[in-house]
>>> print(open('query12.csv').read())   # CSV, C-alpha atoms
chain,number,residue,atom,x,y,z
G,323,MET,CA,47.4,-218.9,1.4
G,324,PRO,CA,49.3,-218.1,-1.8
G,325,LYS,CA,47.9,-219.8,-4.8
G,326,GLY,CA,51.4,-221.0,-5.9
G,327,VAL,CA,51.5,-218.9,-9.0
G,328,PRO,CA,54.5,-216.5,-9.2
G,329,THR,CA,53.7,-213.0,-10.1
G,330,THR,CA,56.8,-212.7,-12.2
G,331,VAL,CA,59.2,-215.2,-13.8
G,332,PRO,CA,62.8,-214.3,-13.2
G,333,ASP,CA,65.5,-214.4,-15.8
G,334,ASP,CA,67.8,-216.5,-13.5
G,335,GLY,CA,68.5,-219.4,-15.8
G,336,LEU,CA,66.8,-221.9,-13.4
G,337,THR,CA,64.2,-224.5,-14.4
G,338,THR,CA,60.8,-224.4,-12.7
G,339,ARG,CA,61.9,-227.5,-10.8
G,340,GLU,CA,65.1,-225.9,-9.6
G,341,ARG,CA,63.3,-222.7,-8.7
G,342,ARG,CA,60.6,-224.7,-6.9
G,343,ASN,CA,63.1,-226.6,-4.8
G,344,ARG,CA,65.3,-223.7,-3.9
G,345,PRO,CA,65.9,-223.7,-0.2
G,346,LEU,CA,64.5,-220.7,1.7
G,347,ILE,CA,65.7,-218.3,4.4
G,348,MET,CA,62.5,-217.1,6.2
G,349,VAL,CA,62.3,-214.4,8.9
G,350,HIS,CA,59.3,-213.9,11.2
G,351,THR,CA,59.8,-210.5,12.9
G,352,GLY,CA,57.8,-207.6,14.3
G,353,PRO,CA,56.2,-206.8,17.6
G,354,GLY,CA,53.1,-209.0,17.2
G,355,LYS,CA,52.3,-212.4,18.4
G,356,GLY,CA,52.7,-215.5,16.2
G,357,LYS,CA,56.4,-215.3,15.2
G,358,SER,CA,57.5,-218.5,17.0
G,359,THR,CA,54.0,-220.1,16.8
G,360,ALA,CA,54.1,-219.9,13.0
G,361,ALA,CA,57.7,-221.2,12.9
G,362,PHE,CA,56.7,-224.2,14.9
G,363,GLY,CA,53.6,-224.6,12.7
G,364,LEU,CA,56.0,-224.7,9.8
G,365,ALA,CA,58.0,-227.4,11.6
G,366,MET,CA,54.9,-229.5,12.0
G,367,ARG,CA,54.2,-229.1,8.3
G,368,GLY,CA,57.8,-230.1,7.4
G,369,TRP,CA,57.6,-233.1,9.8
G,370,ASN,CA,54.6,-234.3,7.8
G,371,GLN,CA,56.7,-234.1,4.6
G,372,GLY,CA,59.4,-236.3,6.2
G,373,PHE,CA,61.8,-233.4,6.8
G,374,SER,CA,64.5,-233.7,9.4
G,375,ILE,CA,63.6,-230.8,11.8
G,376,GLY,CA,66.3,-229.1,13.9
G,377,VAL,CA,65.1,-226.5,16.5
G,378,PHE,CA,67.7,-224.2,18.0
G,379,GLN,CA,66.0,-222.3,20.7
G,380,PHE,CA,67.6,-219.2,22.2
G,381,VAL,CA,65.4,-219.5,25.3
G,382,LYS,CA,64.6,-217.1,28.2
G,383,SER,CA,65.3,-219.9,30.6
G,384,ALA,CA,66.6,-223.5,30.0
G,385,LYS,CA,63.9,-224.7,32.5
G,386,TRP,CA,61.1,-223.1,30.4
G,387,ARG,CA,59.5,-225.8,28.2
G,388,ILE,CA,56.9,-224.8,25.7
G,389,GLY,CA,54.2,-227.1,24.5
G,390,GLU,CA,55.6,-227.1,21.0
G,391,GLN,CA,58.7,-228.8,22.3
G,392,THR,CA,56.7,-231.6,23.9
G,393,VAL,CA,54.6,-232.1,20.7
G,394,LEU,CA,57.5,-231.9,18.2
G,395,GLU,CA,59.6,-234.2,20.3
G,396,ARG,CA,56.6,-236.6,20.5
G,397,LEU,CA,56.3,-236.4,16.7
G,398,GLY,CA,60.1,-237.2,16.5
G,399,GLU,CA,59.5,-240.3,18.7
G,400,LEU,CA,56.6,-241.3,16.4
G,401,HIS,CA,59.0,-241.1,13.5
G,402,GLU,CA,61.4,-243.5,15.3
G,403,GLU,CA,58.6,-245.9,16.2
G,404,THR,CA,56.5,-246.0,13.0
G,405,GLY,CA,58.5,-244.2,10.3
G,406,GLU,CA,55.8,-241.5,10.0
G,407,GLY,CA,57.0,-238.0,9.3
G,408,GLY,CA,60.6,-237.0,10.0
G,409,PRO,CA,63.1,-236.9,12.9
G,410,VAL,CA,63.1,-234.0,15.3
G,411,THR,CA,66.0,-232.6,17.3
G,412,TRP,CA,65.4,-229.8,19.8
G,413,HIS,CA,68.4,-227.8,21.1
G,414,LYS,CA,68.4,-225.2,23.8
G,415,MET,CA,71.8,-223.9,23.0
G,416,GLY,CA,74.0,-226.1,25.1
G,417,SER,CA,72.7,-226.9,28.6
G,418,GLY,CA,72.5,-223.5,30.1
G,419,TRP,CA,72.1,-220.8,27.5
G,420,SER,CA,69.6,-218.2,28.8
G,421,TRP,CA,69.4,-214.5,28.4
G,422,SER,CA,67.6,-214.1,31.6
G,423,ARG,CA,69.8,-216.3,33.7
G,424,LYS,CA,70.3,-214.4,36.9
G,425,ALA,CA,73.6,-215.9,37.9
G,426,GLY,CA,75.3,-215.2,34.6
G,427,THR,CA,76.9,-212.1,33.3
G,428,ASP,CA,76.5,-210.6,29.9
G,429,GLU,CA,79.9,-212.0,29.0
G,430,ASP,CA,78.6,-215.5,29.9
G,431,HIS,CA,75.5,-215.1,27.8
G,432,ALA,CA,77.5,-213.7,24.8
G,433,ALA,CA,79.9,-216.7,25.0
G,434,ASP,CA,77.0,-219.2,25.2
G,435,ALA,CA,75.2,-217.6,22.3
G,436,ALA,CA,78.4,-217.6,20.2
G,437,GLU,CA,78.8,-221.3,21.1
G,438,GLY,CA,75.2,-222.0,20.1
G,439,TRP,CA,75.8,-220.3,16.7
G,440,GLN,CA,79.0,-222.4,16.1
G,441,GLU,CA,76.8,-225.5,16.6
G,442,ILE,CA,74.3,-224.3,14.1
G,443,LYS,CA,77.2,-223.6,11.6
G,444,ARG,CA,78.4,-227.2,12.1
G,445,ALA,CA,74.9,-228.6,11.5
G,446,LEU,CA,74.5,-226.5,8.3
G,447,ALA,CA,77.9,-227.6,7.0
G,448,GLU,CA,77.0,-231.2,7.6
G,449,GLU,CA,73.5,-230.8,6.1
G,450,ARG,CA,72.0,-232.3,9.2
G,451,HIS,CA,68.5,-231.0,8.7
G,452,ASP,CA,65.9,-230.1,6.1
G,453,LEU,CA,64.4,-227.3,8.2
G,454,TYR,CA,66.1,-225.3,10.9
G,455,VAL,CA,64.0,-223.2,13.4
G,456,LEU,CA,66.4,-220.6,14.9
G,457,ASP,CA,63.9,-219.4,17.6
G,458,GLU,CA,64.5,-215.9,19.0
G,459,PHE,CA,67.9,-215.8,17.2
G,460,THR,CA,67.4,-212.1,16.3
G,461,TYR,CA,68.3,-211.1,19.9
G,462,PRO,CA,71.9,-212.4,20.0
G,463,MET,CA,72.3,-210.9,16.6
G,464,LYS,CA,71.0,-207.5,17.8
G,465,TRP,CA,73.1,-207.6,20.9
G,466,GLY,CA,76.3,-208.3,19.0
G,467,TRP,CA,76.7,-211.7,20.6
G,468,VAL,CA,77.0,-213.3,17.2
G,469,ASP,CA,78.4,-211.5,14.1
G,470,VAL,CA,75.6,-210.6,11.7
G,471,ASP,CA,77.8,-210.7,8.6
G,472,ASP,CA,79.0,-214.2,9.6
G,473,VAL,CA,75.4,-215.3,10.1
G,474,VAL,CA,74.3,-213.9,6.7
G,475,SER,CA,77.2,-215.2,4.7
G,476,THR,CA,76.9,-218.7,6.4
G,477,LEU,CA,73.1,-218.8,5.6
G,478,VAL,CA,73.5,-217.5,2.0
G,479,ASN,CA,76.3,-220.0,1.3
G,480,ARG,CA,74.9,-223.0,3.1
G,481,PRO,CA,75.1,-226.2,1.1
G,482,GLY,CA,72.4,-228.4,-0.2
G,483,ARG,CA,68.7,-228.0,0.3
G,484,GLN,CA,68.2,-226.6,3.9
G,485,HIS,CA,65.4,-224.3,4.8
G,486,VAL,CA,66.0,-221.9,7.7
G,487,VAL,CA,63.4,-219.9,9.6
G,488,ILE,CA,64.5,-217.2,12.1
G,489,THR,CA,62.2,-215.6,14.6
G,490,GLY,CA,62.4,-212.5,16.9
G,491,ARG,CA,61.9,-208.8,16.9
G,492,HIS,CA,64.2,-206.3,15.3
G,493,ALA,CA,65.6,-208.5,12.5
G,494,ASP,CA,68.8,-206.9,11.2
G,495,PRO,CA,68.4,-205.2,7.8
G,496,ARG,CA,71.2,-207.4,6.4
G,497,LEU,CA,69.3,-210.5,7.4
G,498,VAL,CA,66.1,-209.2,5.9
G,499,GLU,CA,68.0,-208.4,2.7
G,500,ALA,CA,69.3,-211.9,2.5
G,501,ALA,CA,66.0,-213.6,3.3
G,502,ASN,CA,63.6,-215.0,0.7
G,503,LEU,CA,60.5,-214.5,2.8
G,504,VAL,CA,60.0,-212.0,5.5
G,505,THR,CA,56.8,-211.6,7.5
G,506,GLU,CA,56.3,-208.7,9.9
G,507,MET,CA,53.9,-209.6,12.7
G,508,GLY,CA,52.2,-206.4,13.7
G,509,GLN,CA,50.5,-206.0,17.0
G,510,VAL,CA,47.1,-204.5,16.3
G,511,LYS,CA,45.6,-205.5,19.7
G,512,HIS,CA,47.1,-207.5,22.6
G,513,PRO,CA,45.2,-208.7,25.7
G,514,MET,CA,48.1,-207.8,28.0
G,515,GLU,CA,47.5,-204.2,27.0
G,516,VAL,CA,44.2,-204.4,28.8
G,517,GLY,CA,45.4,-206.3,31.8
G,518,GLN,CA,45.0,-209.9,30.5
G,519,LYS,CA,47.7,-212.2,31.8
G,520,GLY,CA,49.3,-215.0,29.9
G,521,GLN,CA,47.5,-218.3,30.1
G,522,ARG,CA,48.0,-222.0,29.4
G,523,GLY,CA,47.3,-223.2,25.9
G,524,ILE,CA,47.7,-219.7,24.5
G,525,GLU,CA,51.1,-218.4,25.7
G,526,TRP,CA,52.6,-221.8,26.5
C,1230,MET,CA,57.2,-214.0,23.4
C,1231,PRO,CA,55.3,-211.8,25.9
C,1232,LYS,CA,56.7,-211.9,29.4
C,1233,GLY,CA,53.2,-212.5,30.9
C,1234,VAL,CA,53.2,-209.2,32.7
C,1235,PRO,CA,50.3,-206.9,31.9
C,1236,THR,CA,51.2,-203.3,31.2
C,1237,THR,CA,48.0,-202.1,33.0
C,1238,VAL,CA,45.7,-203.6,35.5
C,1239,PRO,CA,42.1,-202.9,34.6
C,1240,ASP,CA,39.3,-201.8,37.0
C,1241,ASP,CA,37.0,-204.6,35.8
C,1242,GLY,CA,36.2,-206.2,39.2
C,1243,LEU,CA,37.8,-209.5,38.1
C,1244,THR,CA,40.4,-211.4,40.1
C,1245,THR,CA,43.8,-212.2,38.6
C,1246,ARG,CA,42.6,-215.8,38.2
C,1247,GLU,CA,39.4,-214.8,36.4
C,1248,ARG,CA,41.3,-212.5,34.2
C,1249,ARG,CA,43.9,-215.1,33.5
C,1250,ASN,CA,41.3,-217.6,32.5
C,1251,ARG,CA,39.3,-215.3,30.3
C,1252,PRO,CA,38.6,-217.0,27.0
C,1253,LEU,CA,40.0,-215.2,24.0
C,1254,ILE,CA,38.9,-214.2,20.5
C,1255,MET,CA,42.0,-214.0,18.4
C,1256,VAL,CA,42.3,-212.8,14.8
C,1257,HIS,CA,45.3,-213.4,12.4
C,1258,THR,CA,44.8,-211.1,9.4
C,1259,GLY,CA,46.9,-209.1,6.9
C,1260,PRO,CA,48.5,-210.0,3.6
C,1261,GLY,CA,51.6,-211.8,4.9
C,1262,LYS,CA,52.3,-215.5,5.4
C,1263,GLY,CA,51.8,-217.2,8.7
C,1264,LYS,CA,48.1,-216.5,9.6
C,1265,SER,CA,47.0,-220.1,9.3
C,1266,THR,CA,50.3,-221.6,10.2
C,1267,ALA,CA,50.3,-219.7,13.5
C,1268,ALA,CA,46.7,-220.7,14.2
C,1269,PHE,CA,47.6,-224.4,13.7
C,1270,GLY,CA,50.7,-223.9,15.9
C,1271,LEU,CA,48.3,-222.6,18.5
C,1272,ALA,CA,46.2,-225.7,18.1
C,1273,MET,CA,49.3,-227.9,18.6
C,1274,ARG,CA,50.1,-225.9,21.8
C,1275,GLY,CA,46.5,-226.3,23.0
C,1276,TRP,CA,46.5,-230.0,22.3
C,1277,ASN,CA,49.5,-230.3,24.6
C,1278,GLN,CA,47.4,-228.7,27.3
C,1279,GLY,CA,44.7,-231.3,26.8
C,1280,PHE,CA,42.4,-228.9,25.0
C,1281,SER,CA,39.6,-230.2,22.8
C,1282,ILE,CA,40.5,-228.7,19.4
C,1283,GLY,CA,37.9,-228.0,16.7
C,1284,VAL,CA,39.1,-226.9,13.3
C,1285,PHE,CA,36.6,-225.5,10.9
C,1286,GLN,CA,38.3,-224.9,7.6
C,1287,PHE,CA,36.8,-222.8,4.9
C,1288,VAL,CA,39.0,-224.5,2.3
C,1289,LYS,CA,39.7,-223.6,-1.3
C,1290,SER,CA,39.0,-227.3,-2.3
C,1291,ALA,CA,37.6,-230.1,-0.2
C,1292,LYS,CA,40.3,-232.3,-1.9
C,1293,TRP,CA,43.1,-230.1,-0.6
C,1294,ARG,CA,44.6,-231.6,2.5
C,1295,ILE,CA,47.3,-229.7,4.3
C,1296,GLY,CA,50.0,-231.2,6.4
C,1297,GLU,CA,48.6,-229.7,9.6
C,1298,GLN,CA,45.4,-231.8,9.1
C,1299,THR,CA,47.4,-235.0,8.9
C,1300,VAL,CA,49.5,-234.1,12.0
C,1301,LEU,CA,46.6,-232.7,14.1
C,1302,GLU,CA,44.4,-235.7,13.3
C,1303,ARG,CA,47.3,-238.0,14.2
C,1304,LEU,CA,47.7,-236.1,17.5
C,1305,GLY,CA,43.9,-236.7,18.1
C,1306,GLU,CA,44.4,-240.4,17.5
C,1307,LEU,CA,47.3,-240.4,20.0
C,1308,HIS,CA,44.9,-238.9,22.5
C,1309,GLU,CA,42.5,-241.7,21.9
C,1310,GLU,CA,45.2,-244.3,22.1
C,1311,THR,CA,47.3,-243.1,25.1
C,1312,GLY,CA,45.4,-240.2,26.7
C,1313,GLU,CA,48.1,-237.7,25.8
C,1314,GLY,CA,47.0,-234.2,24.8
C,1315,GLY,CA,43.4,-233.6,23.8
C,1316,PRO,CA,40.9,-234.7,21.1
C,1317,VAL,CA,41.0,-233.1,17.7
C,1318,THR,CA,38.1,-232.7,15.2
C,1319,TRP,CA,38.7,-231.3,11.7
C,1320,HIS,CA,35.7,-230.1,9.7
C,1321,LYS,CA,35.9,-228.9,6.1
C,1322,MET,CA,32.5,-227.3,6.3
C,1323,GLY,CA,30.3,-230.2,5.4
C,1324,SER,CA,31.5,-232.4,2.6
C,1325,GLY,CA,31.7,-230.1,-0.3
C,1326,TRP,CA,32.2,-226.5,0.9
C,1327,SER,CA,34.7,-224.8,-1.3
C,1328,TRP,CA,35.0,-221.3,-2.6
C,1329,SER,CA,36.8,-222.3,-5.7
C,1330,ARG,CA,34.5,-225.3,-6.6
C,1331,LYS,CA,34.1,-225.0,-10.4
C,1332,ALA,CA,30.7,-226.6,-10.6
C,1333,GLY,CA,29.1,-224.5,-7.9
C,1334,THR,CA,27.5,-221.1,-8.2
C,1335,ASP,CA,28.0,-218.3,-5.8
C,1336,GLU,CA,24.6,-219.1,-4.4
C,1337,ASP,CA,25.7,-222.6,-3.6
C,1338,HIS,CA,28.9,-221.4,-1.9
C,1339,ALA,CA,27.0,-218.8,0.1
C,1340,ALA,CA,24.5,-221.5,1.3
C,1341,ASP,CA,27.4,-223.9,2.2
C,1342,ALA,CA,29.2,-221.2,4.1
C,1343,ALA,CA,26.0,-220.3,6.0
C,1344,GLU,CA,25.5,-223.9,6.8
C,1345,GLY,CA,29.1,-224.2,8.1
C,1346,TRP,CA,28.6,-221.2,10.3
C,1347,GLN,CA,25.4,-222.7,11.7
C,1348,GLU,CA,27.5,-225.8,12.7
C,1349,ILE,CA,30.0,-223.6,14.4
C,1350,LYS,CA,27.2,-221.9,16.3
C,1351,ARG,CA,25.9,-225.3,17.5
C,1352,ALA,CA,29.3,-226.3,18.6
C,1353,LEU,CA,29.8,-223.1,20.6
C,1354,ALA,CA,26.4,-223.3,22.2
C,1355,GLU,CA,27.2,-226.9,23.3
C,1356,GLU,CA,30.7,-225.9,24.4
C,1357,ARG,CA,32.2,-228.8,22.4
C,1358,HIS,CA,35.7,-227.5,22.2
C,1359,ASP,CA,38.3,-225.5,24.2
C,1360,LEU,CA,39.9,-224.0,21.0
C,1361,TYR,CA,38.3,-223.3,17.7
C,1362,VAL,CA,40.3,-222.6,14.6
C,1363,LEU,CA,38.0,-220.9,12.0
C,1364,ASP,CA,40.5,-221.0,9.2
C,1365,GLU,CA,40.0,-218.5,6.4
C,1366,PHE,CA,36.6,-217.5,7.9
C,1367,THR,CA,37.1,-213.8,7.1
C,1368,TYR,CA,36.3,-214.5,3.4
C,1369,PRO,CA,32.7,-215.7,3.8
C,1370,MET,CA,32.3,-212.8,6.2
C,1371,LYS,CA,33.7,-210.3,3.7
C,1372,TRP,CA,31.5,-211.7,0.9
C,1373,GLY,CA,28.3,-211.4,2.9
C,1374,TRP,CA,27.8,-215.2,3.0
C,1375,VAL,CA,27.5,-215.0,6.8
C,1376,ASP,CA,26.2,-212.1,8.8
C,1377,VAL,CA,29.1,-210.3,10.5
C,1378,ASP,CA,26.9,-208.9,13.3
C,1379,ASP,CA,25.6,-212.4,14.0
C,1380,VAL,CA,29.2,-213.8,14.0
C,1381,VAL,CA,30.4,-211.0,16.4
C,1382,SER,CA,27.4,-211.3,18.8
C,1383,THR,CA,27.7,-215.1,18.8
C,1384,LEU,CA,31.4,-215.0,19.6
C,1385,VAL,CA,31.1,-212.2,22.3
C,1386,ASN,CA,28.2,-214.1,24.0
C,1387,ARG,CA,29.6,-217.6,23.7
C,1388,PRO,CA,29.2,-219.6,26.9
C,1389,GLY,CA,32.0,-221.1,29.1
C,1390,ARG,CA,35.6,-221.0,28.4
C,1391,GLN,CA,36.1,-221.4,24.6
C,1392,HIS,CA,39.0,-219.8,22.8
C,1393,VAL,CA,38.5,-218.9,19.1
C,1394,VAL,CA,41.1,-218.0,16.5
C,1395,ILE,CA,40.0,-216.7,13.1
C,1396,THR,CA,42.3,-216.4,10.1
C,1397,GLY,CA,42.2,-214.6,6.8
C,1398,ARG,CA,42.8,-211.3,5.1
C,1399,HIS,CA,40.5,-208.3,5.4
C,1400,ALA,CA,39.1,-209.0,8.9
C,1401,ASP,CA,36.0,-206.9,9.3
C,1402,PRO,CA,36.4,-203.9,11.7
C,1403,ARG,CA,33.6,-205.2,13.9
C,1404,LEU,CA,35.4,-208.5,14.4
C,1405,VAL,CA,38.7,-206.6,15.1
C,1406,GLU,CA,36.8,-204.5,17.7
C,1407,ALA,CA,35.4,-207.6,19.4
C,1408,ALA,CA,38.7,-209.5,19.4
C,1409,ASN,CA,41.0,-209.7,22.4
C,1410,LEU,CA,44.1,-210.2,20.3
C,1411,VAL,CA,44.7,-209.2,16.7
C,1412,THR,CA,47.9,-209.8,14.8
C,1413,GLU,CA,48.4,-208.3,11.3
C,1414,MET,CA,50.8,-210.4,9.3
C,1415,GLY,CA,52.5,-207.9,7.0
C,1416,GLN,CA,54.3,-209.1,3.8
C,1417,VAL,CA,57.7,-207.6,3.8
C,1418,LYS,CA,59.1,-210.0,1.2
C,1419,HIS,CA,57.6,-213.0,-0.5
C,1420,PRO,CA,59.4,-215.5,-2.8
C,1421,MET,CA,56.5,-215.6,-5.2
C,1422,GLU,CA,57.2,-212.0,-6.0
C,1423,VAL,CA,60.6,-213.0,-7.4
C,1424,GLY,CA,59.3,-216.1,-9.3
C,1425,GLN,CA,59.6,-218.7,-6.5
C,1426,LYS,CA,56.9,-221.3,-6.8
C,1427,GLY,CA,55.2,-222.9,-3.8
C,1428,GLN,CA,56.9,-226.0,-2.5
C,1429,ARG,CA,56.3,-229.0,-0.2
C,1430,GLY,CA,56.9,-228.5,3.5
C,1431,ILE,CA,56.7,-224.8,3.1
C,1432,GLU,CA,53.3,-224.1,1.4
C,1433,TRP,CA,51.7,-227.4,2.3
>>> encode(input="query12.csv", output="structure tokens")
Amino acid sequence: MPKGVPTTVPDDGLTTRERRNRPLIMVHTGPGKGKSTAAFGLAMRGWNQGFSIGVFQFVKSAKWRIGEQTVLERLGELHEETGEGGPVTWHKMGSGWSWSRKAGTDEDHAADAAEGWQEIKRALAEERHDLYVLDEFTYPMKWGWVDVDDVVSTLVNRPGRQHVVITGRHADPRLVEAANLVTEMGQVKHPMEVGQKGQRGIEW
Amino acid sequence: MPKGVPTTVPDDGLTTRERRNRPLIMVHTGPGKGKSTAAFGLAMRGWNQGFSIGVFQFVKSAKWRIGEQTVLERLGELHEETGEGGPVTWHKMGSGWSWSRKAGTDEDHAADAAEGWQEIKRALAEERHDLYVLDEFTYPMKWGWVDVDDVVSTLVNRPGRQHVVITGRHADPRLVEAANLVTEMGQVKHPMEVGQKGQRGIEW
């Protein structure tokens, strides 16, 4: 964990408070495990600080429900019941967005992804959340389903104090350039390499 | 997210079910952000599956309380109240273990760390938990406060079905060798490099 001490102090005319409160663009990329898990861990941390959490999940299947969704939505209910933490909203990009949907064509998927991104833009413009998790959002960017320059300029120019974390492999260099914090999860060793199958509590 | 399909099937005499249910040793290491955050995200996922979660945190200060502790302990309370999820136990290595404790000497810290490790050994022998988070445990290993060979042989020979995730920089090669899954968090870009200070909801 960083000690909270900057290694350099920039000549940017900001006070320490302004610099401390600067909203961040964060990217978790690379081939290793932990990109989404760390993003949802960050959501849990933000919830505890009373942040409004918005998850926009570009999922493999709309039927697939990960444990984090259950837990974070439960934490959102707790907020409504007791005032603890913050509100949580979980979107799966409309009702049917899915990049493995068998019935759909690539054109359908591209249109659904573009629609999902428009919803994220509206949320950012309205400052709906304090922390956005755009889970596996690098893929529609990579496949040209959303315009990378539009994503980057929207993020860079977003109003207010909104943190954004984007996960997925192959983050576009323009996104990496615009981000404040980029972590590359490297795969040193993975059990599926040696025949281990995914299992409950670990993969989902 | 892995698709759950092994790239090879090993000749180890195990059935798919046995292989699926094999307990894992996981290591999150490297200089980048997300090592602990991903481990606590995994704990959230395990909680949702009804796992008993044991966190053993080798903390910088016993007074330091991260958001994840509040949230995971709250989830543990929910389990007691409603039966949702699993139980959660959070240890800070006795009452005073701290590697930055000003009053203590190195000998005190080493003794406290060794004592913390003995407690983990007892827990593993008694199969108290389904998932252990040994947060920042690489440091007492690196500093020789616990014996690396003892750690590795204890983990490799632990009974039953207990998952273990260890976080921290500079994971010992013997631990990496024994682990089933190792992720190296690489630091591509960090805001503290450009004068950003730590902030609530992101660093804690």
>>> residues_around(input="query12.csv", residues="region 1252-1266 of chain C", least_positions_apart="6", cutoff="7 Å", atoms="only C-alpha atoms", output="number ranges by chain")
G: 360, 363-364, 505; C: 1364, 1390-1400, 1408-1416
>>> closest_residue(input="query12.csv", among="G:Lys443, G:Arg367, G:Arg480, G:Lys414", to="chain C", atoms="all atoms listed in the file")
G:Arg367
>>> atom_distance(input="query12.csv", atom1="CA of Leu1304 (chain C)", atom2="CA of Thr404 (chain G)")
14.0 Å
>>> closest_residue(input="query12.csv", among="G:Ala447, G:Leu497, G:Val377, G:Val393", to="chain C", atoms="all atoms listed in the file")
G:Val393
>>> closest_residue(input="query12.csv", among="G:Leu456, G:Met415, G:Val510, G:Ile375", to="chain C", atoms="all atoms listed in the file")
G:Val510
>>> atom_distance(input="query12.csv", atom1="CA of His1308 (chain C)", atom2="CA of His1358 (chain C)")
14.7 Å
>>> residues_around(input="query12.csv", residues="Ala436 (chain G)", least_positions_apart="6", cutoff="10 Å", atoms="only C-alpha atoms", output="PyMOL selection string")
chain G and resi 415+430+442+462-463+466-469
>>> residues_around(input="query12.csv", residues="Ser374 (chain G)", least_positions_apart="3", cutoff="9 Å", atoms="all atoms listed in the file", output="ChimeraX atom specification")
/G:368-369,407-411,450-454
>>> residues_around(input="query12.csv", residues="Met366 (chain G)", least_positions_apart="4", cutoff="7 Å", atoms="only C-alpha atoms", output="list in words")
Phe362 and Asn370 of chain G; Glu1297 of chain C
>>> write_last_selection(input="query12.csv", atoms="C-alpha atoms", output="PDB file, in the frame of the given file")
ATOM      1  CA  PHE G 362      56.700-224.200  14.900  1.00  0.00           C
ATOM      2  CA  ASN G 370      54.600-234.300   7.800  1.00  0.00           C
TER       3      ASN G 370
ATOM      4  CA  GLU C1297      48.600-229.700   9.600  1.00  0.00           C
TER       5      GLU C1297
END
>>> atom_distance(input="query12.csv", atom1="CA of Arg396 (chain G)", atom2="CA of Leu1301 (chain C)")
12.5 Å
>>> closest_residue(input="query12.csv", among="G:Gln371, G:Arg387, G:Ala365, G:Ala445", to="Gln1428 (chain C)", atoms="all atoms listed in the file")
G:Gln371
>>> closest_residue(input="query12.csv", among="C:Arg1251, C:Trp1319, C:Gly1427, C:Gln1347", to="Asp1379 (chain C)", atoms="all atoms listed in the file")
C:Gln1347
>>> closest_residue(input="query12.csv", among="G:Val455, G:Val473, G:Ala435, G:Ile388", to="chain C", atoms="all atoms listed in the file")
G:Ile388
